[in-house]
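Undergrad: You'll find work.pdb just under this line, and it carries PDB, C-alpha atoms, pLDDT in the B column.
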ATOM      1  CA  MET U   1    -268.388 241.921  69.943  1.00 42.00           C
ATOM      2  CA  HIS U   2    -266.261 244.764  71.297  1.00 45.00           C
ATOM      3  CA  PHE U   3    -262.672 244.367  72.455  1.00 47.00           C
ATOM      4  CA  PRO U   4    -260.784 247.134  74.282  1.00 53.00           C
ATOM      5  CA  ALA U   5    -258.087 249.060  72.415  1.00 56.00           C
ATOM      6  CA  GLY U   6    -254.714 247.391  72.570  1.00 59.00           C
ATOM      7  CA  THR U   7    -256.217 243.904  72.886  1.00 54.00           C
ATOM      8  CA  ARG U   8    -254.451 241.285  70.849  1.00 59.00           C
ATOM      9  CA  ASN U   9    -256.282 238.547  69.051  1.00 59.00           C
ATOM     10  CA  PRO U  10    -259.204 237.422  71.197  1.00 58.00           C
ATOM     11  CA  VAL U  11    -259.178 233.831  72.401  1.00 64.00           C
ATOM     12  CA  VAL U  12    -262.162 231.928  71.109  1.00 66.00           C
ATOM     13  CA  LEU U  13    -263.031 228.977  73.297  1.00 79.00           C
ATOM     14  CA  ARG U  14    -265.095 226.453  71.381  1.00 91.00           C
ATOM     15  CA  THR U  15    -267.518 224.393  73.444  1.00 93.00           C
ATOM     16  CA  PHE U  16    -270.343 221.958  72.822  1.00 94.00           C
ATOM     17  CA  THR U  17    -272.669 220.549  75.496  1.00 93.00           C
ATOM     18  CA  GLN U  18    -275.681 218.286  75.106  1.00 93.00           C
ATOM     19  CA  VAL U  19    -277.988 216.315  77.402  1.00 91.00           C
ATOM     20  CA  LEU U  20    -278.933 212.911  75.985  1.00 88.00           C
ATOM     21  CA  SER U  21    -281.115 210.004  77.035  1.00 86.00           C
ATOM     22  CA  SER U  22    -279.313 207.124  78.717  1.00 83.00           C
ATOM     23  CA  THR U  23    -280.029 204.690  75.897  1.00 86.00           C
ATOM     24  CA  PRO U  24    -277.869 203.132  73.182  1.00 88.00           C
ATOM     25  CA  ARG U  25    -279.520 205.570  70.778  1.00 92.00           C
ATOM     26  CA  GLY U  26    -278.418 208.487  72.990  1.00 91.00           C
ATOM     27  CA  ALA U  27    -274.829 207.181  72.996  1.00 91.00           C
ATOM     28  CA  ARG U  28    -274.867 206.854  69.203  1.00 94.00           C
ATOM     29  CA  LEU U  29    -276.269 210.355  68.818  1.00 95.00           C
ATOM     30  CA  ALA U  30    -273.515 211.716  71.086  1.00 95.00           C
ATOM     31  CA  ARG U  31    -270.878 210.213  68.780  1.00 95.00           C
ATOM     32  CA  LEU U  32    -272.528 211.611  65.652  1.00 96.00           C
ATOM     33  CA  LEU U  33    -272.940 215.074  67.196  1.00 96.00           C
ATOM     34  CA  ALA U  34    -269.324 215.069  68.348  1.00 96.00           C
ATOM     35  CA  VAL U  35    -268.065 214.275  64.846  1.00 96.00           C
ATOM     36  CA  GLU U  36    -270.209 217.016  63.287  1.00 96.00           C
ATOM     37  CA  THR U  37    -269.031 219.506  65.917  1.00 97.00           C
ATOM     38  CA  LEU U  38    -265.376 218.653  65.330  1.00 96.00           C
ATOM     39  CA  HIS U  39    -265.833 219.001  61.558  1.00 96.00           C
ATOM     40  CA  GLY U  40    -267.323 222.460  62.173  1.00 95.00           C
ATOM     41  CA  TRP U  41    -264.285 223.369  64.274  1.00 95.00           C
ATOM     42  CA  ASN U  42    -261.905 222.159  61.499  1.00 93.00           C
ATOM     43  CA  VAL U  43    -260.291 219.566  63.771  1.00 94.00           C
ATOM     44  CA  PRO U  44    -257.932 217.328  61.712  1.00 93.00           C
ATOM     45  CA  PRO U  45    -259.427 213.967  60.617  1.00 92.00           C
ATOM     46  CA  ASN U  46    -256.939 211.788  62.531  1.00 90.00           C
ATOM     47  CA  MET U  47    -257.759 213.657  65.738  1.00 94.00           C
ATOM     48  CA  THR U  48    -261.494 213.540  65.010  1.00 95.00           C
ATOM     49  CA  GLU U  49    -261.222 209.769  64.670  1.00 94.00           C
ATOM     50  CA  ARG U  50    -259.611 209.446  68.101  1.00 95.00           C
ATOM     51  CA  VAL U  51    -262.196 211.735  69.713  1.00 96.00           C
ATOM     52  CA  GLN U  52    -265.008 209.784  68.021  1.00 95.00           C
ATOM     53  CA  HIS U  53    -263.817 206.512  69.565  1.00 94.00           C
ATOM     54  CA  VAL U  54    -263.386 208.122  72.993  1.00 95.00           C
ATOM     55  CA  VAL U  55    -266.881 209.653  72.875  1.00 96.00           C
ATOM     56  CA  ALA U  56    -268.405 206.333  71.783  1.00 94.00           C
ATOM     57  CA  GLU U  57    -266.757 204.424  74.635  1.00 93.00           C
ATOM     58  CA  LEU U  58    -267.377 206.981  77.388  1.00 93.00           C
ATOM     59  CA  CYS U  59    -271.029 207.413  76.392  1.00 92.00           C
ATOM     60  CA  ALA U  60    -271.591 203.657  76.122  1.00 89.00           C
ATOM     61  CA  ASN U  61    -270.107 203.313  79.617  1.00 86.00           C
ATOM     62  CA  ALA U  62    -272.399 206.056  80.922  1.00 86.00           C
ATOM     63  CA  VAL U  63    -275.437 204.282  79.474  1.00 84.00           C
ATOM     64  CA  LEU U  64    -274.437 200.780  80.624  1.00 78.00           C
ATOM     65  CA  HIS U  65    -272.830 201.481  83.988  1.00 67.00           C
ATOM     66  CA  GLY U  66    -273.329 205.078  85.010  1.00 59.00           C
ATOM     67  CA  CYS U  67    -276.967 206.082  84.749  1.00 61.00           C
ATOM     68  CA  ARG U  68    -279.791 205.296  87.087  1.00 62.00           C
ATOM     69  CA  ASP U  69    -283.202 204.618  85.573  1.00 64.00           C
ATOM     70  CA  GLY U  70    -284.652 207.673  83.926  1.00 66.00           C
ATOM     71  CA  ARG U  71    -281.529 209.808  84.380  1.00 77.00           C
ATOM     72  CA  ASP U  72    -279.867 211.346  81.353  1.00 86.00           C
ATOM     73  CA  PHE U  73    -276.171 211.825  80.701  1.00 89.00           C
ATOM     74  CA  HIS U  74    -274.321 214.945  79.545  1.00 90.00           C
ATOM     75  CA  ILE U  75    -271.545 215.235  77.004  1.00 95.00           C
ATOM     76  CA  SER U  76    -269.282 218.254  76.679  1.00 95.00           C
ATOM     77  CA  LEU U  77    -266.526 218.964  74.182  1.00 96.00           C
ATOM     78  CA  VAL U  78    -264.042 221.801  74.561  1.00 95.00           C
ATOM     79  CA  LEU U  79    -261.385 222.795  72.041  1.00 95.00           C
ATOM     80  CA  LEU U  80    -258.522 224.423  73.965  1.00 91.00           C
ATOM     81  CA  PRO U  81    -257.196 227.162  71.666  1.00 87.00           C
ATOM     82  CA  ALA U  82    -253.648 227.370  73.048  1.00 86.00           C
ATOM     83  CA  THR U  83    -252.815 223.713  72.365  1.00 89.00           C
ATOM     84  CA  GLY U  84    -255.497 222.409  69.991  1.00 92.00           C
ATOM     85  CA  THR U  85    -256.385 219.764  72.588  1.00 94.00           C
ATOM     86  CA  VAL U  86    -259.950 218.453  72.647  1.00 96.00           C
ATOM     87  CA  ARG U  87    -261.368 217.687  76.094  1.00 95.00           C
ATOM     88  CA  VAL U  88    -264.306 215.275  76.304  1.00 96.00           C
ATOM     89  CA  GLU U  89    -266.402 215.149  79.471  1.00 94.00           C
ATOM     90  CA  VAL U  90    -269.254 212.724  80.071  1.00 93.00           C
ATOM     91  CA  THR U  91    -271.350 213.221  83.183  1.00 89.00           C
ATOM     92  CA  ASP U  92    -273.656 210.543  84.578  1.00 85.00           C
ATOM     93  CA  SER U  93    -275.692 209.949  87.739  1.00 77.00           C
ATOM     94  CA  ARG U  94    -273.604 207.198  89.410  1.00 69.00           C
ATOM     95  CA  GLY U  95    -270.925 208.865  91.523  1.00 65.00           C
ATOM     96  CA  ASP U  96    -270.450 205.655  93.498  1.00 70.00           C
ATOM     97  CA  ARG U  97    -269.072 203.824  90.437  1.00 68.00           C
ATOM     98  CA  LEU U  98    -265.826 205.378  89.214  1.00 68.00           C
ATOM     99  CA  PRO U  99    -264.258 203.675  86.193  1.00 66.00           C
ATOM    100  CA  ASP U 100    -261.093 201.663  86.471  1.00 64.00           C
ATOM    101  CA  GLN U 101    -258.792 200.072  83.969  1.00 61.00           C
ATOM    102  CA  ARG U 102    -258.765 196.312  84.418  1.00 59.00           C
ATOM    103  CA  GLU U 103    -255.356 194.705  84.224  1.00 65.00           C
ATOM    104  CA  ASN U 104    -256.500 191.346  82.826  1.00 65.00           C
ATOM    105  CA  PRO U 105    -260.055 191.295  81.480  1.00 61.00           C
ATOM    106  CA  PRO U 106    -261.493 187.846  80.710  1.00 63.00           C
ATOM    107  CA  PRO U 107    -260.174 186.775  77.293  1.00 62.00           C
ATOM    108  CA  HIS U 108    -263.620 185.967  75.893  1.00 61.00           C
ATOM    109  CA  GLY U 109    -265.647 188.392  78.004  1.00 57.00           C
ATOM    110  CA  GLU U 110    -267.850 191.016  76.423  1.00 60.00           C
ATOM    111  CA  SER U 111    -266.753 193.801  78.754  1.00 61.00           C
ATOM    112  CA  GLY U 112    -263.774 195.037  80.720  1.00 57.00           C
ATOM    113  CA  ARG U 113    -261.715 196.621  77.939  1.00 63.00           C
ATOM    114  CA  GLY U 114    -263.339 200.044  77.642  1.00 72.00           C
ATOM    115  CA  MET U 115    -260.992 202.053  79.815  1.00 77.00           C
ATOM    116  CA  ALA U 116    -257.997 200.319  78.221  1.00 80.00           C
ATOM    117  CA  LEU U 117    -259.266 201.705  74.900  1.00 85.00           C
ATOM    118  CA  ILE U 118    -259.581 205.149  76.463  1.00 88.00           C
ATOM    119  CA  ALA U 119    -256.026 204.905  77.799  1.00 88.00           C
ATOM    120  CA  ALA U 120    -254.768 203.950  74.317  1.00 88.00           C
ATOM    121  CA  LEU U 121    -256.652 206.725  72.520  1.00 93.00           C
ATOM    122  CA  ALA U 122    -256.460 209.626  74.977  1.00 94.00           C
ATOM    123  CA  ASP U 123    -253.365 211.447  76.127  1.00 94.00           C
ATOM    124  CA  ARG U 124    -254.883 211.893  79.605  1.00 93.00           C
ATOM    125  CA  TRP U 125    -258.068 210.692  81.274  1.00 92.00           C
ATOM    126  CA  GLY U 126    -259.632 210.564  84.692  1.00 91.00           C
ATOM    127  CA  ALA U 127    -262.831 210.606  86.705  1.00 90.00           C
ATOM    128  CA  GLN U 128    -264.097 212.686  89.575  1.00 89.00           C
ATOM    129  CA  PRO U 129    -267.263 212.737  91.643  1.00 87.00           C
ATOM    130  CA  ARG U 130    -269.556 215.752  91.300  1.00 83.00           C
ATOM    131  CA  THR U 131    -270.740 217.643  94.373  1.00 85.00           C
ATOM    132  CA  GLU U 132    -274.282 217.597  92.926  1.00 83.00           C
ATOM    133  CA  GLY U 133    -274.125 213.806  92.663  1.00 81.00           C
ATOM    134  CA  GLY U 134    -272.879 211.596  89.878  1.00 83.00           C
ATOM    135  CA  LYS U 135    -269.467 211.773  88.278  1.00 87.00           C
ATOM    136  CA  ILE U 136    -267.541 213.251  85.376  1.00 90.00           C
ATOM    137  CA  VAL U 137    -265.331 211.009  83.277  1.00 90.00           C
ATOM    138  CA  TRP U 138    -263.005 213.055  81.091  1.00 93.00           C
ATOM    139  CA  ALA U 139    -260.372 212.495  78.434  1.00 95.00           C
ATOM    140  CA  GLU U 140    -258.026 214.859  76.633  1.00 95.00           C
ATOM    141  CA  ILE U 141    -256.810 214.254  73.102  1.00 95.00           C
ATOM    142  CA  ASP U 142    -253.814 216.205  71.830  1.00 95.00           C
ATOM    143  CA  PRO U 143    -253.396 216.830  68.089  1.00 91.00           C
ATOM    144  CA  ALA U 144    -249.867 215.447  67.834  1.00 77.00           C
ATOM    145  CA  ARG U 145    -250.407 211.702  67.382  1.00 67.00           C
ATOM    146  CA  PRO U 146    -252.589 209.641  65.015  1.00 59.00           C
ATOM    147  CA  CYS U 147    -255.265 207.165  65.989  1.00 56.00           C
ATOM    148  CA  PRO U 148    -253.553 203.882  66.985  1.00 59.00           C
ATOM    149  CA  PHE U 149    -256.315 201.868  65.288  1.00 56.00           C
ATOM    150  CA  SER U 150    -256.012 203.557  61.887  1.00 56.00           C
ATOM    151  CA  ARG U 151    -254.356 201.826  59.007  1.00 51.00           C
ATOM    152  CA  PRO U 152    -252.573 203.995  56.441  1.00 49.00           C
ATOM    153  CA  PHE U 153    -253.900 203.740  52.902  1.00 42.00           C
ATOM    154  CA  ASP U 154    -251.736 201.529  50.665  1.00 46.00           C
ATOM    155  CA  ARG U 155    -252.283 202.172  46.965  1.00 42.00           C
ATOM    156  CA  ASP U 156    -251.041 198.680  46.007  1.00 48.00           C
ATOM    157  CA  THR U 157    -253.235 196.630  48.362  1.00 46.00           C
ATOM    158  CA  ASP U 158    -256.338 198.778  48.942  1.00 43.00           C
ATOM    159  CA  ARG U 159    -258.446 198.408  45.831  1.00 41.00           C
ATOM    160  CA  GLY U 160    -261.665 199.902  47.129  1.00 40.00           C
ATOM    161  CA  PRO U 161    -265.101 198.366  46.761  1.00 39.00           C
ATOM    162  CA  THR U 162    -265.548 195.589  44.253  1.00 38.00           C
ATOM    163  CA  ASP U 163    -267.808 196.334  41.313  1.00 38.00           C
ATOM    164  CA  HIS U 164    -270.095 193.316  41.304  1.00 37.00           C
ATOM    165  CA  ARG U 165    -271.909 194.417  38.154  1.00 37.00           C
ATOM    166  CA  SER U 166    -269.005 193.199  36.027  1.00 39.00           C
ATOM    167  CA  THR U 167    -269.060 189.728  37.575  1.00 40.00           C
ATOM    168  CA  PRO U 168    -271.377 187.382  35.648  1.00 41.00           C
ATOM    169  CA  LEU U 169    -273.924 185.434  37.660  1.00 41.00           C
ATOM    170  CA  SER U 170    -273.325 181.680  37.560  1.00 43.00           C
ATOM    171  CA  ARG U 171    -276.348 179.586  36.690  1.00 40.00           C
TER     172      ARG U 171
END
Please, can you express the file's structure as structure tokens?
TA:
Amino acid sequence: MHFPAGTRNPVVLRTFTQVLSSTPRGARLARLLAVETLHGWNVPPNMTERVQHVVAELCANAVLHGCRDGRDFHISLVLLPATGTVRVEVTDSRGDRLPDQRENPPPHGESGRGMALIAALADRWGAQPRTEGGKIVWAEIDPARPCPFSRPFDRDTDRGPTDHRSTPLSR
């Protein structure tokens, strides 16, 4: 790559884009690919954890609510070099169904909390219709704060896995 004389350090924009099937397997693969991509970009673990949860939720929403039969979804990750922010974009085929954050989801319901999770994990999020049809749901994660669902390791209470080989079997 050639840069003109007098150019300072070039800005390297890191991007990842993938088209995946609108199935639970496609959503799982999106999460795994995102984690591997972030590891390759040397994104800190606490930030990777937040992005992983955001990708899992946005892709699950695309599969469950955003894709018409036979239509795939797209995931894109961008690492913004100036700030270290990771932007996640998930594109699906249902532009008529923009996500919203429910104020009071049913207490025992199986759905209705996804965008509340996104709001807790992401520093900014939104959705916009695409001119080609469908929509983009995006979230931005800044590197400054840890994952709100993480628990710090406590040397006195976290013993690790139990070694069951030392426990005699009762007969």
Undergrad: Any idea what the distance is between atom CA of His53 of chain U and atom CA of Arg31 of chain U?
TA: 8.0 Å
Undergrad: Where does the PyMOL selection byres ((chain U and resi 25-29) around 10) land in this file, that is, which residues does it pick, as a PDB file with C-alpha atoms, keeping the file's coordinate frame?
TA:
ATOM      1  CA  VAL U  19    -277.988 216.315  77.402  1.00 91.00           C
ATOM      2  CA  LEU U  20    -278.933 212.911  75.985  1.00 88.00           C
ATOM      3  CA  SER U  21    -281.115 210.004  77.035  1.00 86.00           C
ATOM      4  CA  SER U  22    -279.313 207.124  78.717  1.00 83.00           C
ATOM      5  CA  THR U  23    -280.029 204.690  75.897  1.00 86.00           C
ATOM      6  CA  PRO U  24    -277.869 203.132  73.182  1.00 88.00           C
ATOM      7  CA  ALA U  30    -273.515 211.716  71.086  1.00 95.00           C
ATOM      8  CA  ARG U  31    -270.878 210.213  68.780  1.00 95.00           C
ATOM      9  CA  LEU U  32    -272.528 211.611  65.652  1.00 96.00           C
ATOM     10  CA  LEU U  33    -272.940 215.074  67.196  1.00 96.00           C
ATOM     11  CA  ALA U  34    -269.324 215.069  68.348  1.00 96.00           C
ATOM     12  CA  VAL U  35    -268.065 214.275  64.846  1.00 96.00           C
ATOM     13  CA  VAL U  55    -266.881 209.653  72.875  1.00 96.00           C
ATOM     14  CA  ALA U  56    -268.405 206.333  71.783  1.00 94.00           C
ATOM     15  CA  GLU U  57    -266.757 204.424  74.635  1.00 93.00           C
ATOM     16  CA  LEU U  58    -267.377 206.981  77.388  1.00 93.00           C
ATOM     17  CA  CYS U  59    -271.029 207.413  76.392  1.00 92.00           C
ATOM     18  CA  ALA U  60    -271.591 203.657  76.122  1.00 89.00           C
ATOM     19  CA  ASN U  61    -270.107 203.313  79.617  1.00 86.00           C
ATOM     20  CA  ALA U  62    -272.399 206.056  80.922  1.00 86.00           C
ATOM     21  CA  VAL U  63    -275.437 204.282  79.474  1.00 84.00           C
ATOM     22  CA  LEU U  64    -274.437 200.780  80.624  1.00 78.00           C
ATOM     23  CA  ASP U  72    -279.867 211.346  81.353  1.00 86.00           C
ATOM     24  CA  PHE U  73    -276.171 211.825  80.701  1.00 89.00           C
ATOM     25  CA  ILE U  75    -271.545 215.235  77.004  1.00 95.00           C
TER      26      ILE U  75
END
Undergrad: Please provide the set of residues having any atom within 12 Å of Arg50 of chain U, restricted to all atoms listed in the file, with same-chain residues fewer than 6 positions apart removed, written as number ranges by chain.
TA: U: 31, 34-35, 38, 43-44, 56-57, 85-88, 117-123, 139-150
Undergrad: Could you work out how far atom CA of His74 of chain U lies from atom CA of Thr17 of chain U, giving the answer in Å with one decimal?
TA: 7.1 Å
Undergrad: Show me the residues around (-269.4, 213.1, 90.4) - criterion: an atom at most 9 Å away, only C-alpha atoms counted - as a PyMOL selection string.
TA: chain U and resi 91-96+98+127-137
Undergrad: What box, with edges along x, y and z, holds each listed atom of segment 55-59 of chain U when 4 Å is added on every side, and can you state its centre and edge lengths in Å to one decimal, as lines of an AutoDock Vina configuration file?
TA:
center_x = -268.9
center_y = 207.0
center_z = 74.6
size_x = 12.3
size_y = 13.2
size_z = 13.6
Undergrad: Can you measure atom CA of Thr48 of chain U to atom CA of Gly126 of chain U for me? One decimal in Å is fine.
TA: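 So the answer is 20.0 Å.
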Undergrad: Rank U:Trp138, U:Asn46, U:Val78, U:Thr37 by their smallest atom-to-atom distance to Val90 of chain U, using all atoms listed in the file, and report the top residue only.
TA: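 Between U:Trp138, U:Asn46, U:Val78, U:Thr37, the residue approaching Val90 of chain U most closely is U:Trp138.
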